[in-house]
$ cat my_file.cif   # mmCIF, N, CA and C atoms
data_structure
loop_
_atom_site.label_atom_id
_atom_site.label_comp_id
_atom_site.auth_asym_id
_atom_site.auth_seq_id
_atom_site.Cartn_x
_atom_site.Cartn_y
_atom_site.Cartn_z
N LEU S 16 -12.00 15.94 9.64
CA LEU S 16 -11.87 16.27 8.23
C LEU S 16 -11.30 17.67 8.06
N ALA S 17 -11.75 18.60 8.88
CA ALA S 17 -11.26 19.97 8.76
C ALA S 17 -9.75 20.03 9.04
N ALA S 18 -9.29 19.24 10.00
CA ALA S 18 -7.86 19.24 10.34
C ALA S 18 -7.02 18.62 9.23
N ALA S 19 -7.62 17.84 8.36
CA ALA S 19 -6.90 17.17 7.29
C ALA S 19 -6.63 18.08 6.10
N ARG S 20 -7.28 19.23 6.08
CA ARG S 20 -7.09 20.15 4.95
C ARG S 20 -5.72 20.83 5.04
N GLY S 21 -5.24 21.29 3.89
CA GLY S 21 -4.03 22.09 3.88
C GLY S 21 -3.10 21.70 2.75
N SER S 22 -2.20 22.64 2.44
CA SER S 22 -1.23 22.38 1.38
C SER S 22 0.20 22.43 1.93
N ASP S 23 0.34 22.49 3.24
CA ASP S 23 1.66 22.49 3.86
C ASP S 23 2.28 21.10 3.78
N ALA S 24 3.55 21.00 4.12
CA ALA S 24 4.29 19.73 4.00
C ALA S 24 3.69 18.62 4.87
N GLY S 25 3.05 18.96 5.97
CA GLY S 25 2.48 17.95 6.85
C GLY S 25 1.07 17.50 6.48
N ALA S 26 0.46 18.17 5.52
CA ALA S 26 -0.94 17.88 5.17
C ALA S 26 -1.17 16.45 4.66
N PRO S 27 -0.33 15.90 3.78
CA PRO S 27 -0.60 14.53 3.33
C PRO S 27 -0.61 13.52 4.49
N LEU S 28 0.31 13.68 5.43
CA LEU S 28 0.34 12.77 6.58
C LEU S 28 -0.90 12.98 7.46
N ARG S 29 -1.35 14.23 7.62
CA ARG S 29 -2.59 14.47 8.38
C ARG S 29 -3.77 13.77 7.70
N ARG S 30 -3.82 13.83 6.37
CA ARG S 30 -4.92 13.15 5.66
C ARG S 30 -4.83 11.64 5.83
N LEU S 31 -3.62 11.09 5.84
CA LEU S 31 -3.46 9.66 6.09
C LEU S 31 -3.96 9.31 7.49
N ARG S 32 -3.59 10.12 8.47
CA ARG S 32 -4.04 9.89 9.86
C ARG S 32 -5.56 10.03 9.95
N CYS S 33 -6.13 10.98 9.22
CA CYS S 33 -7.58 11.16 9.18
C CYS S 33 -8.23 9.90 8.61
N GLN S 34 -7.66 9.39 7.53
CA GLN S 34 -8.19 8.17 6.91
C GLN S 34 -8.12 7.01 7.90
N GLN S 35 -7.01 6.90 8.63
CA GLN S 35 -6.87 5.84 9.63
C GLN S 35 -7.90 6.00 10.74
N ALA S 36 -8.12 7.23 11.18
CA ALA S 36 -9.11 7.48 12.23
C ALA S 36 -10.52 7.15 11.72
N LEU S 37 -10.80 7.53 10.47
CA LEU S 37 -12.12 7.26 9.91
C LEU S 37 -12.39 5.77 9.78
N SER S 38 -11.34 4.97 9.65
CA SER S 38 -11.54 3.52 9.54
C SER S 38 -12.12 2.94 10.83
N LEU S 39 -12.02 3.69 11.92
CA LEU S 39 -12.55 3.24 13.21
C LEU S 39 -13.99 3.70 13.44
N VAL S 40 -14.48 4.56 12.54
CA VAL S 40 -15.80 5.16 12.70
C VAL S 40 -16.80 4.40 11.84
N GLY S 41 -17.99 4.29 12.35
CA GLY S 41 -19.05 3.60 11.62
C GLY S 41 -19.77 4.50 10.64
N THR S 42 -20.91 4.04 10.21
CA THR S 42 -21.68 4.73 9.17
C THR S 42 -22.18 6.11 9.59
N GLU S 43 -22.09 6.44 10.88
CA GLU S 43 -22.51 7.78 11.31
C GLU S 43 -21.62 8.86 10.69
N ALA S 44 -20.47 8.49 10.14
CA ALA S 44 -19.57 9.46 9.49
C ALA S 44 -20.00 9.77 8.06
N GLU S 45 -20.92 8.98 7.51
CA GLU S 45 -21.30 9.16 6.10
C GLU S 45 -21.75 10.57 5.75
N PRO S 46 -22.64 11.22 6.52
CA PRO S 46 -23.07 12.57 6.13
C PRO S 46 -21.90 13.56 6.03
N ALA S 47 -20.98 13.51 6.97
CA ALA S 47 -19.83 14.42 6.95
C ALA S 47 -18.96 14.15 5.72
N LEU S 48 -18.80 12.89 5.37
CA LEU S 48 -17.98 12.55 4.21
C LEU S 48 -18.66 12.94 2.91
N ARG S 49 -19.97 12.81 2.87
CA ARG S 49 -20.70 13.24 1.66
C ARG S 49 -20.56 14.75 1.44
N GLU S 50 -20.46 15.50 2.54
CA GLU S 50 -20.32 16.96 2.45
C GLU S 50 -19.02 17.38 1.75
N VAL S 51 -17.99 16.53 1.79
CA VAL S 51 -16.69 16.91 1.22
C VAL S 51 -16.39 16.20 -0.11
N LEU S 52 -17.39 15.59 -0.72
CA LEU S 52 -17.16 14.87 -1.98
C LEU S 52 -16.57 15.75 -3.08
N ASP S 53 -16.94 17.02 -3.12
CA ASP S 53 -16.44 17.91 -4.16
C ASP S 53 -15.19 18.68 -3.75
N ASP S 54 -14.72 18.45 -2.54
CA ASP S 54 -13.53 19.12 -2.04
C ASP S 54 -12.28 18.52 -2.72
N ALA S 55 -11.43 19.37 -3.27
CA ALA S 55 -10.25 18.90 -4.00
C ALA S 55 -9.31 18.08 -3.11
N GLU S 56 -9.19 18.44 -1.84
CA GLU S 56 -8.26 17.75 -0.94
C GLU S 56 -8.87 16.53 -0.26
N LEU S 57 -10.17 16.55 -0.03
CA LEU S 57 -10.80 15.49 0.76
C LEU S 57 -11.76 14.59 -0.03
N GLY S 58 -12.10 15.00 -1.24
CA GLY S 58 -13.08 14.26 -2.03
C GLY S 58 -12.67 12.83 -2.34
N GLY S 59 -11.40 12.63 -2.64
CA GLY S 59 -10.92 11.27 -2.94
C GLY S 59 -10.97 10.38 -1.72
N LEU S 60 -10.49 10.91 -0.60
CA LEU S 60 -10.52 10.19 0.67
C LEU S 60 -11.96 9.83 1.04
N ALA S 61 -12.86 10.78 0.86
CA ALA S 61 -14.28 10.54 1.17
C ALA S 61 -14.86 9.43 0.30
N ARG S 62 -14.56 9.45 -1.00
CA ARG S 62 -15.07 8.42 -1.91
C ARG S 62 -14.57 7.04 -1.53
N VAL S 63 -13.29 6.96 -1.16
CA VAL S 63 -12.72 5.67 -0.75
C VAL S 63 -13.48 5.13 0.46
N TRP S 64 -13.64 5.99 1.48
CA TRP S 64 -14.32 5.55 2.70
C TRP S 64 -15.75 5.13 2.40
N LEU S 65 -16.48 5.96 1.66
CA LEU S 65 -17.88 5.66 1.36
C LEU S 65 -18.01 4.34 0.59
N THR S 66 -17.15 4.14 -0.37
CA THR S 66 -17.19 2.90 -1.16
C THR S 66 -16.87 1.69 -0.28
N GLU S 67 -15.82 1.83 0.55
CA GLU S 67 -15.43 0.72 1.43
C GLU S 67 -16.53 0.38 2.43
N HIS S 68 -17.37 1.35 2.77
CA HIS S 68 -18.44 1.12 3.73
C HIS S 68 -19.79 0.84 3.07
N GLY S 69 -19.76 0.55 1.77
CA GLY S 69 -20.97 0.12 1.07
C GLY S 69 -22.00 1.20 0.82
N ALA S 70 -21.59 2.45 0.86
CA ALA S 70 -22.54 3.54 0.61
C ALA S 70 -23.01 3.50 -0.85
N ARG S 71 -24.23 3.92 -1.06
CA ARG S 71 -24.80 3.94 -2.41
C ARG S 71 -24.59 5.32 -3.04
N ASP S 72 -24.67 5.34 -4.35
CA ASP S 72 -24.62 6.60 -5.10
C ASP S 72 -23.35 7.42 -4.84
N VAL S 73 -22.21 6.73 -4.77
CA VAL S 73 -20.95 7.44 -4.62
C VAL S 73 -20.48 7.79 -6.02
N PRO S 74 -20.35 9.09 -6.32
CA PRO S 74 -19.96 9.46 -7.68
C PRO S 74 -18.52 9.03 -7.98
N ALA S 75 -18.29 8.62 -9.21
CA ALA S 75 -16.93 8.27 -9.63
C ALA S 75 -16.07 9.53 -9.57
N PRO S 76 -14.84 9.39 -9.13
CA PRO S 76 -13.98 10.58 -9.06
C PRO S 76 -13.48 10.97 -10.45
N PRO S 77 -13.33 12.28 -10.68
CA PRO S 77 -12.71 12.69 -11.94
C PRO S 77 -11.24 12.24 -11.94
N GLN S 78 -10.68 12.07 -13.13
CA GLN S 78 -9.30 11.58 -13.24
C GLN S 78 -8.31 12.45 -12.46
N GLU S 79 -8.49 13.76 -12.51
CA GLU S 79 -7.54 14.62 -11.80
C GLU S 79 -7.58 14.39 -10.30
N MET S 80 -8.76 14.03 -9.75
CA MET S 80 -8.85 13.74 -8.33
C MET S 80 -8.13 12.43 -8.00
N VAL S 81 -8.22 11.45 -8.89
CA VAL S 81 -7.54 10.17 -8.68
C VAL S 81 -6.02 10.40 -8.63
N PHE S 82 -5.52 11.17 -9.57
CA PHE S 82 -4.08 11.43 -9.59
C PHE S 82 -3.65 12.26 -8.39
N TRP S 83 -4.46 13.25 -7.99
CA TRP S 83 -4.15 14.07 -6.83
C TRP S 83 -4.07 13.20 -5.58
N LEU S 84 -5.07 12.31 -5.42
CA LEU S 84 -5.10 11.42 -4.27
C LEU S 84 -3.89 10.48 -4.29
N THR S 85 -3.50 10.03 -5.46
CA THR S 85 -2.33 9.15 -5.58
C THR S 85 -1.07 9.87 -5.12
N ILE S 86 -0.87 11.09 -5.60
CA ILE S 86 0.30 11.88 -5.18
C ILE S 86 0.25 12.11 -3.67
N ASP S 87 -0.92 12.46 -3.15
CA ASP S 87 -1.09 12.73 -1.73
C ASP S 87 -0.78 11.49 -0.90
N THR S 88 -1.24 10.33 -1.36
CA THR S 88 -1.02 9.08 -0.64
C THR S 88 0.46 8.72 -0.60
N VAL S 89 1.14 8.85 -1.73
CA VAL S 89 2.58 8.55 -1.76
C VAL S 89 3.33 9.54 -0.88
N ALA S 90 2.95 10.82 -0.92
CA ALA S 90 3.58 11.83 -0.06
C ALA S 90 3.40 11.48 1.41
N ALA S 91 2.21 11.03 1.78
CA ALA S 91 1.94 10.64 3.17
C ALA S 91 2.78 9.43 3.57
N GLN S 92 2.88 8.45 2.68
CA GLN S 92 3.68 7.26 2.97
C GLN S 92 5.15 7.63 3.13
N LEU S 93 5.64 8.53 2.29
CA LEU S 93 7.02 8.98 2.41
C LEU S 93 7.25 9.64 3.77
N ALA S 94 6.30 10.48 4.18
CA ALA S 94 6.41 11.18 5.47
C ALA S 94 6.33 10.19 6.64
N ALA S 95 5.48 9.18 6.51
CA ALA S 95 5.26 8.24 7.61
C ALA S 95 6.37 7.21 7.72
N GLU S 96 6.86 6.71 6.58
CA GLU S 96 7.75 5.56 6.61
C GLU S 96 9.06 5.76 5.86
N GLY S 97 9.17 6.81 5.09
CA GLY S 97 10.37 6.95 4.26
C GLY S 97 10.33 5.93 3.13
N ASN S 98 11.48 5.47 2.71
CA ASN S 98 11.57 4.55 1.58
C ASN S 98 11.36 3.10 2.02
N SER S 99 10.15 2.76 2.41
CA SER S 99 9.86 1.42 2.91
C SER S 99 9.58 0.44 1.76
N GLU S 100 9.57 -0.83 2.09
CA GLU S 100 9.24 -1.86 1.09
C GLU S 100 7.79 -1.70 0.63
N GLU S 101 6.91 -1.33 1.55
CA GLU S 101 5.51 -1.13 1.21
C GLU S 101 5.37 -0.01 0.17
N LEU S 102 6.13 1.06 0.37
CA LEU S 102 6.09 2.17 -0.57
C LEU S 102 6.68 1.76 -1.92
N ARG S 103 7.75 0.99 -1.89
CA ARG S 103 8.36 0.50 -3.14
C ARG S 103 7.33 -0.32 -3.93
N ALA S 104 6.59 -1.18 -3.23
CA ALA S 104 5.57 -2.00 -3.89
C ALA S 104 4.45 -1.13 -4.45
N LEU S 105 4.06 -0.09 -3.72
CA LEU S 105 3.02 0.83 -4.18
C LEU S 105 3.48 1.53 -5.46
N VAL S 106 4.72 1.99 -5.47
CA VAL S 106 5.27 2.69 -6.63
C VAL S 106 5.30 1.77 -7.85
N GLU S 107 5.75 0.54 -7.64
CA GLU S 107 5.79 -0.43 -8.75
C GLU S 107 4.39 -0.69 -9.28
N GLY S 108 3.43 -0.85 -8.39
CA GLY S 108 2.05 -1.12 -8.78
C GLY S 108 1.45 0.03 -9.57
N LEU S 109 1.71 1.25 -9.13
CA LEU S 109 1.18 2.42 -9.83
C LEU S 109 1.72 2.50 -11.26
N ALA S 110 3.00 2.30 -11.40
CA ALA S 110 3.62 2.39 -12.73
C ALA S 110 3.11 1.27 -13.64
N GLN S 111 2.82 0.11 -13.06
CA GLN S 111 2.31 -1.02 -13.85
C GLN S 111 0.87 -0.80 -14.27
N GLN S 112 0.03 -0.35 -13.34
CA GLN S 112 -1.40 -0.18 -13.59
C GLN S 112 -1.70 0.89 -14.62
N HIS S 113 -0.95 1.95 -14.59
CA HIS S 113 -1.25 3.10 -15.44
C HIS S 113 -0.11 3.34 -16.42
N SER S 114 -0.25 2.83 -17.64
CA SER S 114 0.77 3.17 -18.62
C SER S 114 0.63 4.66 -18.89
N GLY S 115 1.71 5.35 -18.96
CA GLY S 115 1.66 6.79 -19.14
C GLY S 115 1.37 7.54 -17.85
N PHE S 116 1.52 6.89 -16.70
CA PHE S 116 1.25 7.51 -15.41
C PHE S 116 2.03 8.83 -15.26
N PHE S 117 3.31 8.79 -15.61
CA PHE S 117 4.16 9.97 -15.39
C PHE S 117 3.84 11.10 -16.35
N ASP S 118 3.28 10.77 -17.53
CA ASP S 118 2.88 11.80 -18.49
C ASP S 118 1.78 12.69 -17.91
N THR S 119 0.96 12.12 -17.06
CA THR S 119 -0.13 12.87 -16.43
C THR S 119 0.27 13.38 -15.05
N ALA S 120 1.00 12.55 -14.30
CA ALA S 120 1.29 12.85 -12.89
C ALA S 120 2.06 14.16 -12.69
N TRP S 121 2.94 14.51 -13.60
CA TRP S 121 3.72 15.73 -13.37
C TRP S 121 2.87 16.98 -13.42
N ARG S 122 1.67 16.87 -14.01
CA ARG S 122 0.78 18.03 -14.12
C ARG S 122 -0.12 18.21 -12.89
N VAL S 123 -0.10 17.25 -11.97
CA VAL S 123 -0.97 17.30 -10.80
C VAL S 123 -0.61 18.51 -9.94
N GLU S 124 -1.62 19.32 -9.64
CA GLU S 124 -1.41 20.53 -8.84
C GLU S 124 -1.45 20.21 -7.35
N HIS S 125 -0.40 19.55 -6.91
CA HIS S 125 -0.22 19.19 -5.50
C HIS S 125 1.18 19.65 -5.13
N PRO S 126 1.35 20.30 -4.00
CA PRO S 126 2.68 20.82 -3.65
C PRO S 126 3.77 19.74 -3.58
N ALA S 127 3.39 18.50 -3.32
CA ALA S 127 4.37 17.42 -3.18
C ALA S 127 4.68 16.69 -4.48
N THR S 128 4.05 17.08 -5.59
CA THR S 128 4.22 16.34 -6.85
C THR S 128 5.69 16.15 -7.23
N PRO S 129 6.51 17.20 -7.26
CA PRO S 129 7.92 16.98 -7.65
C PRO S 129 8.65 16.00 -6.73
N ASP S 130 8.45 16.14 -5.43
CA ASP S 130 9.14 15.27 -4.47
C ASP S 130 8.65 13.83 -4.59
N VAL S 131 7.36 13.65 -4.80
CA VAL S 131 6.81 12.30 -4.95
C VAL S 131 7.37 11.63 -6.20
N LEU S 132 7.38 12.36 -7.31
CA LEU S 132 7.89 11.78 -8.56
C LEU S 132 9.38 11.48 -8.44
N GLU S 133 10.11 12.34 -7.77
CA GLU S 133 11.53 12.09 -7.54
C GLU S 133 11.73 10.82 -6.71
N ALA S 134 10.93 10.66 -5.68
CA ALA S 134 11.00 9.46 -4.84
C ALA S 134 10.63 8.21 -5.65
N MET S 135 9.64 8.35 -6.51
CA MET S 135 9.26 7.21 -7.34
C MET S 135 10.42 6.82 -8.25
N GLY S 136 11.15 7.81 -8.76
CA GLY S 136 12.32 7.54 -9.58
C GLY S 136 13.42 6.84 -8.79
N ARG S 137 13.53 7.18 -7.53
CA ARG S 137 14.53 6.56 -6.66
C ARG S 137 14.14 5.13 -6.30
N LEU S 138 12.85 4.91 -6.11
CA LEU S 138 12.38 3.62 -5.59
C LEU S 138 12.11 2.56 -6.65
N HIS S 139 11.78 2.98 -7.85
CA HIS S 139 11.39 1.99 -8.86
C HIS S 139 12.61 1.22 -9.35
N PRO S 140 12.53 -0.12 -9.34
CA PRO S 140 13.69 -0.93 -9.73
C PRO S 140 13.98 -0.94 -11.24
N ASP S 141 13.00 -0.65 -12.06
CA ASP S 141 13.19 -0.64 -13.52
C ASP S 141 13.82 0.69 -13.91
N LYS S 142 15.03 0.63 -14.45
CA LYS S 142 15.77 1.86 -14.77
C LYS S 142 15.03 2.77 -15.74
N LYS S 143 14.35 2.18 -16.72
CA LYS S 143 13.62 2.98 -17.71
C LYS S 143 12.47 3.73 -17.04
N ILE S 144 11.70 3.04 -16.21
CA ILE S 144 10.57 3.67 -15.52
C ILE S 144 11.08 4.70 -14.51
N ALA S 145 12.17 4.37 -13.82
CA ALA S 145 12.75 5.31 -12.86
C ALA S 145 13.17 6.61 -13.57
N LYS S 146 13.72 6.48 -14.77
CA LYS S 146 14.13 7.65 -15.53
C LYS S 146 12.91 8.49 -15.93
N GLU S 147 11.80 7.81 -16.33
CA GLU S 147 10.56 8.52 -16.66
C GLU S 147 10.08 9.33 -15.46
N ALA S 148 10.16 8.71 -14.28
CA ALA S 148 9.71 9.38 -13.06
C ALA S 148 10.57 10.61 -12.77
N ARG S 149 11.89 10.49 -12.94
CA ARG S 149 12.77 11.63 -12.69
C ARG S 149 12.53 12.75 -13.69
N LYS S 150 12.29 12.40 -14.95
CA LYS S 150 11.98 13.42 -15.96
C LYS S 150 10.67 14.13 -15.60
N ALA S 151 9.68 13.35 -15.15
CA ALA S 151 8.40 13.93 -14.74
C ALA S 151 8.59 14.86 -13.53
N ALA S 152 9.46 14.47 -12.60
CA ALA S 152 9.74 15.31 -11.44
C ALA S 152 10.35 16.64 -11.88
N PHE S 153 11.25 16.58 -12.85
CA PHE S 153 11.87 17.80 -13.37
C PHE S 153 10.80 18.71 -13.99
N LYS S 154 9.89 18.12 -14.79
CA LYS S 154 8.82 18.91 -15.41
C LYS S 154 7.92 19.54 -14.35
N ALA S 155 7.61 18.75 -13.32
CA ALA S 155 6.74 19.25 -12.24
C ALA S 155 7.41 20.43 -11.51
N ARG S 156 8.71 20.31 -11.25
CA ARG S 156 9.44 21.40 -10.57
C ARG S 156 9.41 22.66 -11.45
N SER S 157 9.63 22.47 -12.73
CA SER S 157 9.61 23.60 -13.66
C SER S 157 8.25 24.26 -13.67
N GLN S 158 7.20 23.44 -13.69
CA GLN S 158 5.83 23.96 -13.71
C GLN S 158 5.52 24.74 -12.43
N GLN S 159 6.02 24.25 -11.29
CA GLN S 159 5.75 24.92 -10.02
C GLN S 159 6.71 26.09 -9.77
N GLY S 160 7.61 26.30 -10.72
CA GLY S 160 8.51 27.43 -10.59
C GLY S 160 9.66 27.21 -9.63
N GLY S 161 10.00 25.91 -9.41
CA GLY S 161 11.07 25.66 -8.44
C GLY S 161 12.17 24.94 -8.98
#

$ encode --input "my_file.cif" --output "structure tokens"
Amino acid sequence: LAAARGSDAGAPLRRLRCQQALSLVGTEAEPALREVLDDAELGGLARVWLTEHGARDVPAPPQEMVFWLTIDTVAAQLAAEGNSEELRALVEGLAQQHSGFFDTAWRVEHPATPDVLEAMGRLHPDKKIAKEARKAAFKARSQQGG
């Protein structure tokens, strides 16, 4: 878990690898995961693991953590696979599930937010949604000063 922390370009992929490694670990990992529930970078990952392993009393994540984890997950997939079909399906699903996704996503304080939104604009087959994603990427870049 400690190795999964960070805001550098490789951090999302490290968190994905951490999640993959944790999938091999049994319930003995629960105490360590509970310790990071309030951590901005690891709290979402911890909640997913705890829920998938049937842990009780897992607090619901705040909305900002859900969006942060979403951006982090897409960034990790981009780093791991590039523009794969799996990633295209994930992007389509996200845009479908959350109307107004891009209105909120550009505000996510994650270093990869602009790049993720740009990739979503590239990958989404619906021209209107792709344009929303590119506009959100522009807003995110402006917000981050880049």

$ resolve_selection --input "my_file.cif" --expression "the PyMOL selection byres ((chain S and resi 33-45) around 8)" --output "PDB file with N, CA and C atoms, in the coordinates of the input"
ATOM      1  N   LEU S  16     -12.000  15.940   9.640  1.00  0.00           N
ATOM      2  CA  LEU S  16     -11.870  16.270   8.230  1.00  0.00           C
ATOM      3  C   LEU S  16     -11.300  17.670   8.060  1.00  0.00           C
ATOM      4  N   ALA S  18      -9.290  19.240  10.000  1.00  0.00           N
ATOM      5  CA  ALA S  18      -7.860  19.240  10.340  1.00  0.00           C
ATOM      6  C   ALA S  18      -7.020  18.620   9.230  1.00  0.00           C
ATOM      7  N   ALA S  19      -7.620  17.840   8.360  1.00  0.00           N
ATOM      8  CA  ALA S  19      -6.900  17.170   7.290  1.00  0.00           C
ATOM      9  C   ALA S  19      -6.630  18.080   6.100  1.00  0.00           C
ATOM     10  N   PRO S  27      -0.330  15.900   3.780  1.00  0.00           N
ATOM     11  CA  PRO S  27      -0.600  14.530   3.330  1.00  0.00           C
ATOM     12  C   PRO S  27      -0.610  13.520   4.490  1.00  0.00           C
ATOM     13  N   LEU S  28       0.310  13.680   5.430  1.00  0.00           N
ATOM     14  CA  LEU S  28       0.340  12.770   6.580  1.00  0.00           C
ATOM     15  C   LEU S  28      -0.900  12.980   7.460  1.00  0.00           C
ATOM     16  N   ARG S  29      -1.350  14.230   7.620  1.00  0.00           N
ATOM     17  CA  ARG S  29      -2.590  14.470   8.380  1.00  0.00           C
ATOM     18  C   ARG S  29      -3.770  13.770   7.700  1.00  0.00           C
ATOM     19  N   ARG S  30      -3.820  13.830   6.370  1.00  0.00           N
ATOM     20  CA  ARG S  30      -4.920  13.150   5.660  1.00  0.00           C
ATOM     21  C   ARG S  30      -4.830  11.640   5.830  1.00  0.00           C
ATOM     22  N   LEU S  31      -3.620  11.090   5.840  1.00  0.00           N
ATOM     23  CA  LEU S  31      -3.460   9.660   6.090  1.00  0.00           C
ATOM     24  C   LEU S  31      -3.960   9.310   7.490  1.00  0.00           C
ATOM     25  N   ARG S  32      -3.590  10.120   8.470  1.00  0.00           N
ATOM     26  CA  ARG S  32      -4.040   9.890   9.860  1.00  0.00           C
ATOM     27  C   ARG S  32      -5.560  10.030   9.950  1.00  0.00           C
ATOM     28  N   PRO S  46     -22.640  11.220   6.520  1.00  0.00           N
ATOM     29  CA  PRO S  46     -23.070  12.570   6.130  1.00  0.00           C
ATOM     30  C   PRO S  46     -21.900  13.560   6.030  1.00  0.00           C
ATOM     31  N   ALA S  47     -20.980  13.510   6.970  1.00  0.00           N
ATOM     32  CA  ALA S  47     -19.830  14.420   6.950  1.00  0.00           C
ATOM     33  C   ALA S  47     -18.960  14.150   5.720  1.00  0.00           C
ATOM     34  N   LEU S  48     -18.800  12.890   5.370  1.00  0.00           N
ATOM     35  CA  LEU S  48     -17.980  12.550   4.210  1.00  0.00           C
ATOM     36  C   LEU S  48     -18.660  12.940   2.910  1.00  0.00           C
ATOM     37  N   ARG S  49     -19.970  12.810   2.870  1.00  0.00           N
ATOM     38  CA  ARG S  49     -20.700  13.240   1.660  1.00  0.00           C
ATOM     39  C   ARG S  49     -20.560  14.750   1.440  1.00  0.00           C
ATOM     40  N   GLU S  50     -20.460  15.500   2.540  1.00  0.00           N
ATOM     41  CA  GLU S  50     -20.320  16.960   2.450  1.00  0.00           C
ATOM     42  C   GLU S  50     -19.020  17.380   1.750  1.00  0.00           C
ATOM     43  N   LEU S  60     -10.490  10.910  -0.600  1.00  0.00           N
ATOM     44  CA  LEU S  60     -10.520  10.190   0.670  1.00  0.00           C
ATOM     45  C   LEU S  60     -11.960   9.830   1.040  1.00  0.00           C
ATOM     46  N   TRP S  64     -13.640   5.990   1.480  1.00  0.00           N
ATOM     47  CA  TRP S  64     -14.320   5.550   2.700  1.00  0.00           C
ATOM     48  C   TRP S  64     -15.750   5.130   2.400  1.00  0.00           C
ATOM     49  N   LEU S  65     -16.480   5.960   1.660  1.00  0.00           N
ATOM     50  CA  LEU S  65     -17.880   5.660   1.360  1.00  0.00           C
ATOM     51  C   LEU S  65     -18.010   4.340   0.590  1.00  0.00           C
ATOM     52  N   HIS S  68     -17.370   1.350   2.770  1.00  0.00           N
ATOM     53  CA  HIS S  68     -18.440   1.120   3.730  1.00  0.00           C
ATOM     54  C   HIS S  68     -19.790   0.840   3.070  1.00  0.00           C
ATOM     55  N   ALA S  70     -21.590   2.450   0.860  1.00  0.00           N
ATOM     56  CA  ALA S  70     -22.540   3.540   0.610  1.00  0.00           C
ATOM     57  C   ALA S  70     -23.010   3.500  -0.850  1.00  0.00           C
TER      58      ALA S  70
END

$ closest_atom_pairs --input "my_file.cif" --of "segment 40-135 of chain S" --to "segment 145-161 of chain S" --cutoff "6.5 Å" --atoms "all atoms listed in the file" --output "Markdown table"
| residue | atom | partner | partner_atom | distance |
| --- | --- | --- | --- | --- |
| S:Phe117 | C | S:Ala151 | CA | 5.6 |
| S:Trp121 | C | S:Ala155 | CA | 4.6 |
| S:Arg122 | N | S:Ala155 | CA | 5.9 |
| S:Thr128 | C | S:Ala152 | CA | 5.9 |
| S:Pro129 | CA | S:Ala152 | CA | 4.5 |
| S:Asp130 | N | S:Ala152 | CA | 6.2 |
| S:Leu132 | C | S:Ala148 | C | 4.6 |
| S:Glu133 | N | S:Ala152 | CA | 4.7 |
| S:Met135 | C | S:Ala145 | CA | 5.4 |

$ select_by_dssp --input "my_file.cif" --residues "chain S" --states "helix (DSSP H, G or I)" --output "ChimeraX atom specification"
/S:17-19,26-37,42-50,58-67,78-96,100-112,116-120,128-138,142-158

$ resolve_selection --input "my_file.cif" --expression "the PyMOL selection byres (((chain S and resi 80 and name CA) around 10) and name CA)" --output "list in words"
Asp53, Asp54, Ala55, Glu56, Leu57, Gly58, Gly59, Leu60, Ala75, Pro76, Pro77, Gln78, Glu79, Val81, Phe82, Trp83, Leu84, Thr85, Ile86 and Val123 of chain S

$ residues_around --input "my_file.cif" --residues "Leu93 of chain S" --least-positions-apart "6" --cutoff "8 Å" --atoms "only N, CA and C atoms" --output "PDB file with N, CA and C atoms, in the frame of the given file"
ATOM      1  N   ASP S  87      -0.920  12.460  -3.150  1.00  0.00           N
ATOM      2  CA  ASP S  87      -1.090  12.730  -1.730  1.00  0.00           C
ATOM      3  C   ASP S  87      -0.780  11.490  -0.900  1.00  0.00           C
ATOM      4  N   SER S  99      10.150   2.760   2.410  1.00  0.00           N
ATOM      5  CA  SER S  99       9.860   1.420   2.910  1.00  0.00           C
ATOM      6  C   SER S  99       9.580   0.440   1.760  1.00  0.00           C
ATOM      7  N   LEU S 102       6.130   1.060   0.370  1.00  0.00           N
ATOM      8  CA  LEU S 102       6.090   2.170  -0.570  1.00  0.00           C
ATOM      9  C   LEU S 102       6.680   1.760  -1.920  1.00  0.00           C
TER      10      LEU S 102
END

$ atom_distance --input "my_file.cif" --atom1 "atom C of Pro126 of chain S" --atom2 "atom N of Leu105 of chain S"
19.8 Å

$ axis_aligned_box --input "my_file.cif" --around "segment 143-149 of chain S" --padding-each-side "8 Å" --output "lines of an AutoDock Vina configuration file"
center_x = 12.0
center_y = 7.5
center_z = -15.2
size_x = 20.6
size_y = 26.6
size_z = 21.0

$ atom_distance --input "my_file.cif" --atom1 "atom CA of His139 of chain S" --atom2 "atom C of Gly97 of chain S"
12.7 Å

$ atom_distance --input "my_file.cif" --atom1 "atom C of Leu138 of chain S" --atom2 "atom N of Glu124 of chain S"
21.9 Å

$ closest_residue --input "my_file.cif" --among "S:Val51, S:Ala127, S:Asp23, S:Pro140" --to "Arg103 of chain S" --atoms "all atoms listed in the file"
S:Pro140
